[in-house]
$ cat coords_27.pdb   # PDB, C-alpha atoms
ATOM      1  CA  MET A   1      92.562  97.109 104.365  1.00  0.00           C
ATOM      2  CA  LYS A   2      89.281  98.927 103.791  1.00  0.00           C
ATOM      3  CA  GLU A   3      86.067  96.927 103.777  1.00  0.00           C
ATOM      4  CA  SER A   4      84.608  98.396 100.603  1.00  0.00           C
ATOM      5  CA  LYS A   5      82.009  97.051  98.204  1.00  0.00           C
ATOM      6  CA  GLN A   6      83.719  99.102  95.534  1.00  0.00           C
ATOM      7  CA  LEU A   7      86.548  96.586  95.487  1.00  0.00           C
ATOM      8  CA  LEU A   8      84.150  93.819  94.484  1.00  0.00           C
ATOM      9  CA  PHE A   9      82.751  95.267  91.272  1.00  0.00           C
ATOM     10  CA  LYS A  10      82.881  93.182  88.106  1.00  0.00           C
ATOM     11  CA  PHE A  11      85.822  94.295  86.036  1.00  0.00           C
ATOM     12  CA  LYS A  12      85.728  94.366  82.275  1.00  0.00           C
ATOM     13  CA  ASN A  13      88.527  92.777  80.305  1.00  0.00           C
ATOM     14  CA  LEU A  14      91.715  94.649  81.223  1.00  0.00           C
ATOM     15  CA  LYS A  15      92.814  94.556  77.589  1.00  0.00           C
ATOM     16  CA  ASN A  16      90.116  97.134  76.837  1.00  0.00           C
ATOM     17  CA  TYR A  17      91.994  99.651  79.008  1.00  0.00           C
ATOM     18  CA  ASN A  18      88.831 101.582  79.827  1.00  0.00           C
ATOM     19  CA  ILE A  19      88.969 104.263  82.489  1.00  0.00           C
ATOM     20  CA  ASP A  20      86.524 102.261  84.625  1.00  0.00           C
ATOM     21  CA  ASP A  21      88.968  99.346  84.623  1.00  0.00           C
ATOM     22  CA  PHE A  22      91.693 101.420  86.258  1.00  0.00           C
ATOM     23  CA  PHE A  23      91.492 101.041  90.014  1.00  0.00           C
ATOM     24  CA  VAL A  24      92.721 104.217  91.700  1.00  0.00           C
ATOM     25  CA  SER A  25      94.463 103.995  95.060  1.00  0.00           C
ATOM     26  CA  GLU A  26      97.080 105.949  96.960  1.00  0.00           C
ATOM     27  CA  SER A  27      99.724 104.119  94.925  1.00  0.00           C
ATOM     28  CA  ASN A  28      98.751 105.680  91.592  1.00  0.00           C
ATOM     29  CA  PHE A  29      96.443 108.606  92.387  1.00  0.00           C
ATOM     30  CA  PHE A  30      98.987 111.321  91.560  1.00  0.00           C
ATOM     31  CA  ALA A  31      99.733 109.920  88.095  1.00  0.00           C
ATOM     32  CA  PHE A  32      96.060 109.224  87.368  1.00  0.00           C
ATOM     33  CA  ASN A  33      95.031 112.725  88.416  1.00  0.00           C
ATOM     34  CA  LEU A  34      97.680 114.351  86.228  1.00  0.00           C
ATOM     35  CA  VAL A  35      96.576 112.382  83.180  1.00  0.00           C
ATOM     36  CA  LEU A  36      92.975 113.516  83.608  1.00  0.00           C
ATOM     37  CA  ASN A  37      93.969 117.142  84.196  1.00  0.00           C
ATOM     38  CA  TRP A  38      95.715 117.717  80.871  1.00  0.00           C
ATOM     39  CA  PRO A  39      96.690 120.339  79.743  1.00  0.00           C
ATOM     40  CA  ASN A  40      97.073 121.804  83.249  1.00  0.00           C
ATOM     41  CA  TRP A  41     100.343 120.033  83.950  1.00  0.00           C
ATOM     42  CA  GLY A  42     102.443 123.122  84.518  1.00  0.00           C
ATOM     43  CA  LYS A  43     104.987 121.742  82.064  1.00  0.00           C
ATOM     44  CA  ASN A  44     104.742 120.154  78.635  1.00  0.00           C
ATOM     45  CA  ILE A  45     106.301 116.785  79.433  1.00  0.00           C
ATOM     46  CA  LEU A  46     104.917 114.297  81.947  1.00  0.00           C
ATOM     47  CA  ASN A  47     106.999 111.258  82.868  1.00  0.00           C
ATOM     48  CA  ILE A  48     105.018 108.471  84.492  1.00  0.00           C
ATOM     49  CA  TYR A  49     107.374 105.838  85.841  1.00  0.00           C
ATOM     50  CA  GLY A  50     107.030 102.642  87.799  1.00  0.00           C
ATOM     51  CA  GLU A  51     107.761  98.963  87.622  1.00  0.00           C
ATOM     52  CA  LYS A  52     106.461  96.574  84.982  1.00  0.00           C
ATOM     53  CA  TYR A  53     102.690  95.898  85.122  1.00  0.00           C
ATOM     54  CA  SER A  54     102.068  98.959  87.317  1.00  0.00           C
ATOM     55  CA  GLY A  55      99.516 100.428  84.909  1.00  0.00           C
ATOM     56  CA  LYS A  56     101.573 102.915  82.890  1.00  0.00           C
ATOM     57  CA  SER A  57     100.275 101.679  79.530  1.00  0.00           C
ATOM     58  CA  HIS A  58      96.730 101.661  80.866  1.00  0.00           C
ATOM     59  CA  LEU A  59      97.076 105.354  81.775  1.00  0.00           C
ATOM     60  CA  SER A  60      98.474 106.040  78.306  1.00  0.00           C
ATOM     61  CA  VAL A  61      95.399 104.570  76.661  1.00  0.00           C
ATOM     62  CA  ILE A  62      93.128 106.560  78.985  1.00  0.00           C
ATOM     63  CA  PHE A  63      94.992 109.724  77.965  1.00  0.00           C
ATOM     64  CA  GLN A  64      94.869 108.774  74.286  1.00  0.00           C
ATOM     65  CA  LYS A  65      91.129 108.083  74.323  1.00  0.00           C
ATOM     66  CA  LYS A  66      90.196 111.143  76.340  1.00  0.00           C
ATOM     67  CA  PHE A  67      92.391 113.801  74.734  1.00  0.00           C
ATOM     68  CA  GLY A  68      93.663 112.299  71.500  1.00  0.00           C
ATOM     69  CA  ALA A  69      97.329 111.505  71.065  1.00  0.00           C
ATOM     70  CA  ASN A  70      99.726 109.835  68.704  1.00  0.00           C
ATOM     71  CA  LYS A  71     101.567 106.909  70.301  1.00  0.00           C
ATOM     72  CA  ILE A  72     104.988 105.499  69.561  1.00  0.00           C
ATOM     73  CA  ASP A  73     107.374 103.020  71.122  1.00  0.00           C
ATOM     74  CA  ALA A  74     110.618 104.739  72.060  1.00  0.00           C
ATOM     75  CA  LYS A  75     112.674 102.479  69.800  1.00  0.00           C
ATOM     76  CA  ASN A  76     110.739 103.761  66.760  1.00  0.00           C
ATOM     77  CA  LEU A  77     111.532 107.432  67.285  1.00  0.00           C
ATOM     78  CA  ASN A  78     113.028 108.227  63.874  1.00  0.00           C
ATOM     79  CA  ASP A  79     113.293 111.191  61.502  1.00  0.00           C
ATOM     80  CA  ASN A  80     110.046 110.336  59.711  1.00  0.00           C
ATOM     81  CA  PHE A  81     108.131 110.331  62.937  1.00  0.00           C
ATOM     82  CA  LEU A  82     109.388 113.798  63.852  1.00  0.00           C
ATOM     83  CA  THR A  83     107.759 115.138  60.704  1.00  0.00           C
ATOM     84  CA  GLU A  84     104.525 113.267  61.426  1.00  0.00           C
ATOM     85  CA  PHE A  85     104.319 114.560  65.010  1.00  0.00           C
ATOM     86  CA  LYS A  86     104.028 118.151  63.804  1.00  0.00           C
ATOM     87  CA  THR A  87     100.369 117.465  62.943  1.00  0.00           C
ATOM     88  CA  HIS A  88      99.492 116.265  66.471  1.00  0.00           C
ATOM     89  CA  GLN A  89      98.994 118.143  69.729  1.00  0.00           C
ATOM     90  CA  ASN A  90      99.852 115.241  72.025  1.00  0.00           C
ATOM     91  CA  LEU A  91     102.314 112.365  71.916  1.00  0.00           C
ATOM     92  CA  ILE A  92     102.754 109.261  74.035  1.00  0.00           C
ATOM     93  CA  ILE A  93     106.179 107.612  74.152  1.00  0.00           C
ATOM     94  CA  GLU A  94     106.084 104.087  75.552  1.00  0.00           C
ATOM     95  CA  ASN A  95     109.036 102.130  76.968  1.00  0.00           C
ATOM     96  CA  PHE A  96     111.455 105.039  77.174  1.00  0.00           C
ATOM     97  CA  ASP A  97     114.934 103.813  78.155  1.00  0.00           C
ATOM     98  CA  GLU A  98     118.628 104.583  77.675  1.00  0.00           C
ATOM     99  CA  ASN A  99     118.534 103.265  74.110  1.00  0.00           C
ATOM    100  CA  ILE A 100     116.504 106.251  72.949  1.00  0.00           C
ATOM    101  CA  HIS A 101     117.776 108.038  69.829  1.00  0.00           C
ATOM    102  CA  GLU A 102     119.102 111.033  71.728  1.00  0.00           C
ATOM    103  CA  LYS A 103     119.358 113.545  68.872  1.00  0.00           C
ATOM    104  CA  ASN A 104     115.842 112.764  67.678  1.00  0.00           C
ATOM    105  CA  MET A 105     114.521 113.054  71.213  1.00  0.00           C
ATOM    106  CA  TYR A 106     116.202 116.425  71.602  1.00  0.00           C
ATOM    107  CA  SER A 107     114.702 117.591  68.298  1.00  0.00           C
ATOM    108  CA  LEU A 108     111.298 116.362  69.453  1.00  0.00           C
ATOM    109  CA  ILE A 109     111.476 118.386  72.656  1.00  0.00           C
ATOM    110  CA  ASN A 110     112.390 121.456  70.621  1.00  0.00           C
ATOM    111  CA  VAL A 111     109.201 120.969  68.596  1.00  0.00           C
ATOM    112  CA  VAL A 112     107.236 120.617  71.832  1.00  0.00           C
ATOM    113  CA  ASP A 113     108.656 123.873  73.229  1.00  0.00           C
ATOM    114  CA  ARG A 114     108.211 125.799  70.019  1.00  0.00           C
ATOM    115  CA  ASP A 115     104.658 124.682  69.210  1.00  0.00           C
ATOM    116  CA  ASN A 116     103.333 124.203  72.755  1.00  0.00           C
ATOM    117  CA  LYS A 117     102.750 120.473  72.336  1.00  0.00           C
ATOM    118  CA  PHE A 118     102.649 117.830  75.061  1.00  0.00           C
ATOM    119  CA  ILE A 119     104.358 114.485  75.644  1.00  0.00           C
ATOM    120  CA  LEU A 120     103.438 111.721  78.065  1.00  0.00           C
ATOM    121  CA  ILE A 121     106.471 109.456  78.570  1.00  0.00           C
ATOM    122  CA  ASN A 122     106.300 106.036  80.225  1.00  0.00           C
ATOM    123  CA  SER A 123     109.389 104.461  81.723  1.00  0.00           C
ATOM    124  CA  ILE A 124     110.463 102.100  84.461  1.00  0.00           C
ATOM    125  CA  THR A 125     112.884 104.611  85.992  1.00  0.00           C
ATOM    126  CA  PRO A 126     112.718 108.435  85.884  1.00  0.00           C
ATOM    127  CA  ILE A 127     113.970 109.695  82.532  1.00  0.00           C
ATOM    128  CA  ASN A 128     116.273 112.257  84.188  1.00  0.00           C
ATOM    129  CA  GLN A 129     118.117 109.461  86.025  1.00  0.00           C
ATOM    130  CA  MET A 130     119.048 107.523  82.904  1.00  0.00           C
ATOM    131  CA  ASN A 131     122.505 107.361  81.380  1.00  0.00           C
ATOM    132  CA  ILE A 132     122.008 110.001  78.678  1.00  0.00           C
ATOM    133  CA  LYS A 133     125.111 111.240  76.865  1.00  0.00           C
ATOM    134  CA  LEU A 134     123.768 114.320  75.071  1.00  0.00           C
ATOM    135  CA  LYS A 135     124.147 117.158  77.581  1.00  0.00           C
ATOM    136  CA  ASP A 136     121.502 119.369  76.002  1.00  0.00           C
ATOM    137  CA  LEU A 137     119.012 116.519  76.237  1.00  0.00           C
ATOM    138  CA  ILE A 138     119.854 115.906  79.896  1.00  0.00           C
ATOM    139  CA  SER A 139     118.887 119.452  80.832  1.00  0.00           C
ATOM    140  CA  ARG A 140     115.610 119.139  78.917  1.00  0.00           C
ATOM    141  CA  LEU A 141     114.719 115.843  80.569  1.00  0.00           C
ATOM    142  CA  ASN A 142     115.162 117.476  83.964  1.00  0.00           C
ATOM    143  CA  ASN A 143     112.478 119.991  83.071  1.00  0.00           C
ATOM    144  CA  CYS A 144     109.542 117.588  83.298  1.00  0.00           C
ATOM    145  CA  ILE A 145     106.821 116.619  85.736  1.00  0.00           C
ATOM    146  CA  PHE A 146     107.569 113.263  87.310  1.00  0.00           C
ATOM    147  CA  ALA A 147     104.801 110.987  88.573  1.00  0.00           C
ATOM    148  CA  LYS A 148     105.818 107.738  90.224  1.00  0.00           C
ATOM    149  CA  ILE A 149     103.446 104.789  90.486  1.00  0.00           C
ATOM    150  CA  ASN A 150     104.357 103.360  93.872  1.00  0.00           C
ATOM    151  CA  ASN A 151     104.247  99.746  94.983  1.00  0.00           C
ATOM    152  CA  PRO A 152     100.625  98.602  95.371  1.00  0.00           C
ATOM    153  CA  ASP A 153      98.848  99.160  98.667  1.00  0.00           C
ATOM    154  CA  ASP A 154      96.384  96.662 100.166  1.00  0.00           C
ATOM    155  CA  ASP A 155      93.353  98.026  98.333  1.00  0.00           C
ATOM    156  CA  LEU A 156      95.071  97.926  94.963  1.00  0.00           C
ATOM    157  CA  ILE A 157      96.390  94.389  95.492  1.00  0.00           C
ATOM    158  CA  TYR A 158      92.875  93.325  96.475  1.00  0.00           C
ATOM    159  CA  ALA A 159      91.435  94.852  93.306  1.00  0.00           C
ATOM    160  CA  ILE A 160      94.095  93.265  91.079  1.00  0.00           C
ATOM    161  CA  LEU A 161      93.490  89.835  92.603  1.00  0.00           C
ATOM    162  CA  ILE A 162      89.693  90.070  92.382  1.00  0.00           C
ATOM    163  CA  LYS A 163      89.799  91.246  88.768  1.00  0.00           C
ATOM    164  CA  ASN A 164      92.223  88.617  87.563  1.00  0.00           C
ATOM    165  CA  PHE A 165      90.630  85.725  89.438  1.00  0.00           C
ATOM    166  CA  SER A 166      87.305  86.809  87.941  1.00  0.00           C
ATOM    167  CA  ASP A 167      88.823  86.950  84.439  1.00  0.00           C
ATOM    168  CA  LYS A 168      90.159  83.420  84.867  1.00  0.00           C
ATOM    169  CA  GLN A 169      86.849  82.261  86.358  1.00  0.00           C
ATOM    170  CA  LEU A 170      88.614  81.210  89.543  1.00  0.00           C
ATOM    171  CA  GLN A 171      86.630  81.149  92.775  1.00  0.00           C
ATOM    172  CA  ILE A 172      88.461  81.997  95.963  1.00  0.00           C
ATOM    173  CA  LYS A 173      87.305  82.803  99.473  1.00  0.00           C
ATOM    174  CA  LYS A 174      87.750  86.332 100.757  1.00  0.00           C
ATOM    175  CA  LYS A 175      89.775  85.120 103.765  1.00  0.00           C
ATOM    176  CA  TYR A 176      92.284  83.560 101.355  1.00  0.00           C
ATOM    177  CA  ILE A 177      92.650  86.814  99.441  1.00  0.00           C
ATOM    178  CA  GLU A 178      93.363  88.590 102.720  1.00  0.00           C
ATOM    179  CA  TYR A 179      95.990  85.956 103.511  1.00  0.00           C
ATOM    180  CA  ILE A 180      97.619  86.489 100.113  1.00  0.00           C
ATOM    181  CA  ILE A 181      97.750  90.267 100.642  1.00  0.00           C
ATOM    182  CA  LYS A 182      99.525  89.825 103.971  1.00  0.00           C
ATOM    183  CA  ASN A 183     102.134  87.450 102.541  1.00  0.00           C
ATOM    184  CA  ILE A 184     102.778  88.390  98.910  1.00  0.00           C
ATOM    185  CA  ASP A 185     105.663  90.580  97.701  1.00  0.00           C
ATOM    186  CA  ARG A 186     104.645  94.228  97.159  1.00  0.00           C
ATOM    187  CA  SER A 187     105.498  94.072  93.491  1.00  0.00           C
ATOM    188  CA  TYR A 188     103.175  94.277  90.479  1.00  0.00           C
ATOM    189  CA  GLU A 189     105.274  91.738  88.611  1.00  0.00           C
ATOM    190  CA  LYS A 190     105.245  89.297  91.540  1.00  0.00           C
ATOM    191  CA  ILE A 191     101.486  89.675  91.947  1.00  0.00           C
ATOM    192  CA  TYR A 192     100.785  88.824  88.299  1.00  0.00           C
ATOM    193  CA  GLU A 193     103.315  86.006  88.459  1.00  0.00           C
ATOM    194  CA  PHE A 194     101.504  84.619  91.505  1.00  0.00           C
ATOM    195  CA  ILE A 195      98.103  84.822  89.780  1.00  0.00           C
ATOM    196  CA  ASN A 196      99.348  82.876  86.756  1.00  0.00           C
ATOM    197  CA  LYS A 197     101.114  80.267  88.872  1.00  0.00           C
ATOM    198  CA  ILE A 198      98.151  79.631  91.153  1.00  0.00           C
ATOM    199  CA  ASP A 199      95.907  79.265  88.109  1.00  0.00           C
ATOM    200  CA  GLN A 200      98.282  76.683  86.622  1.00  0.00           C
ATOM    201  CA  THR A 201      98.672  74.873  89.936  1.00  0.00           C
ATOM    202  CA  SER A 202      94.924  74.687  90.511  1.00  0.00           C
ATOM    203  CA  LEU A 203      94.388  73.272  87.020  1.00  0.00           C
ATOM    204  CA  LYS A 204      97.217  70.789  87.401  1.00  0.00           C
ATOM    205  CA  LYS A 205      95.933  69.519  90.747  1.00  0.00           C
ATOM    206  CA  LYS A 206      92.326  69.644  89.499  1.00  0.00           C
ATOM    207  CA  ARG A 207      91.017  71.206  92.670  1.00  0.00           C
ATOM    208  CA  PRO A 208      89.807  74.606  93.847  1.00  0.00           C
ATOM    209  CA  ILE A 209      92.205  77.119  95.312  1.00  0.00           C
ATOM    210  CA  ASP A 210      92.709  76.485  99.010  1.00  0.00           C
ATOM    211  CA  LEU A 211      95.175  77.638 101.634  1.00  0.00           C
ATOM    212  CA  LYS A 212      97.545  74.748 100.925  1.00  0.00           C
ATOM    213  CA  ILE A 213      97.844  75.704  97.236  1.00  0.00           C
ATOM    214  CA  ILE A 214      98.258  79.361  98.133  1.00  0.00           C
ATOM    215  CA  LYS A 215     101.105  78.642 100.539  1.00  0.00           C
ATOM    216  CA  GLU A 216     102.758  76.355  98.008  1.00  0.00           C
ATOM    217  CA  VAL A 217     102.717  79.019  95.269  1.00  0.00           C
ATOM    218  CA  LEU A 218     103.825  81.803  97.629  1.00  0.00           C
ATOM    219  CA  LYS A 219     106.863  79.747  98.651  1.00  0.00           C
ATOM    220  CA  LYS A 220     107.874  79.367  94.989  1.00  0.00           C
TER
END

$ encode --input "coords_27.pdb" --output "structure tokens"
Amino acid sequence: MKESKQLLFKFKNLKNYNIDDFFVSESNFFAFNLVLNWPNWGKNILNIYGEKYSGKSHLSVIFQKKFGANKIDAKNLNDNFLTEFKTHQNLIIENFDENIHEKNMYSLINVVDRDNKFILINSITPINQMNIKLKDLISRLNNCIFAKINNPDDDLIYAILIKNFSDKQLQIKKKYIEYIIKNIDRSYEKIYEFINKIDQTSLKKKRPIDLKIIKEVLKK
């Protein structure tokens, strides 16, 4: 793990989703770089995929603030929205999954191709690997740029821990953070689950976080 002062900066509230709050590492650099380099994607649809809590929504807000975009949850993709989208250059579709309205999605991509619009799609798995029944839509979903957010590396885990402990006003020694990094599951969901559990455990026991508490929570 790099010894870097940059990892120790004071984060703002993550709910603000500012660009300065997004810690870039090898795990997410490709997706982050693509978002900032719109419209030079090479294609009109960018699919950013990765597990829950990996930062997909954060990147969406960065894109929305920087370039302007209409945003919709995939489950709300209806006929009325198709008409509304014609007045926007960019669209963000959050939580894309196999329950998407396939005909509406196909119509949306036709609008994108015809009017040179752009879509940023967030999903847990790549959209071209989902169980889509409409054959014409399948071929269109293959013609996208795919950017995976990989499991967090040491630097990113360090940044996530520092930020969230700071938000919760929890003090923890650096050597304990390094111990956590070596022993925690490489999963965004598991990391956030650990942070919440250790906060609850520390409050319940009414004592600062120490190695004993850390080991106890990691075992759970």

$ closest_residue --input "coords_27.pdb" --among "A:Lys205, A:Lys182, A:Arg140, A:Lys117" --to "Leu91 of chain A" --atoms "all atoms listed in the file"
A:Lys117

$ resolve_selection --input "coords_27.pdb" --expression "the PyMOL selection byres ((chain A and resi 98) around 7)" --output "list in words"
Asp97, Asn99, Ile100, Met130, Asn131 and Ile132 of chain A

$ resolve_selection --input "coords_27.pdb" --expression "the PyMOL selection byres ((chain A and resi 31) around 8)" --output "VMD selection string"
chain A and resid 28 to 30 32 to 35 48 147 to 149

$ residues_around --input "coords_27.pdb" --residues "Asn151 of chain A" --least-positions-apart "3" --cutoff "12 Å" --atoms "only C-alpha atoms" --output "list in words"
Ser25, Glu26, Ser27, Asn28, Tyr49, Gly50, Glu51, Lys52, Tyr53, Ser54, Gly55, Lys148, Asp154, Asp155, Leu156, Ile157, Asp185, Arg186, Ser187, Tyr188, Glu189, Lys190 and Ile191 of chain A

$ closest_residue --input "coords_27.pdb" --among "A:Leu82, A:Ile160, A:Leu108, A:Ile145" --to "Phe22 of chain A" --atoms "all atoms listed in the file"
A:Ile160

$ closest_residue --input "coords_27.pdb" --among "A:Tyr106, A:Lys174, A:Glu216, A:Asn143" --to "Thr201 of chain A" --atoms "all atoms listed in the file"
A:Glu216

$ closest_residue --input "coords_27.pdb" --among "A:Asp115, A:Gln200, A:Ile92, A:Asn47" --to "Ser60 of chain A" --atoms "all atoms listed in the file"
A:Ile92

$ residues_around --input "coords_27.pdb" --residues "Val217 of chain A" --least-positions-apart "6" --cutoff "8 Å" --atoms "all atoms listed in the file" --output "mmCIF file with C-alpha atoms, in the frame of the given file"
data_model
loop_
_atom_site.group_PDB
_atom_site.id
_atom_site.type_symbol
_atom_site.label_atom_id
_atom_site.label_comp_id
_atom_site.auth_asym_id
_atom_site.auth_seq_id
_atom_site.Cartn_x
_atom_site.Cartn_y
_atom_site.Cartn_z
ATOM 1 C CA PHE A 194 101.504 84.619 91.505
ATOM 2 C CA LYS A 197 101.114 80.267 88.872
ATOM 3 C CA ILE A 198 98.151 79.631 91.153
ATOM 4 C CA THR A 201 98.672 74.873 89.936
#
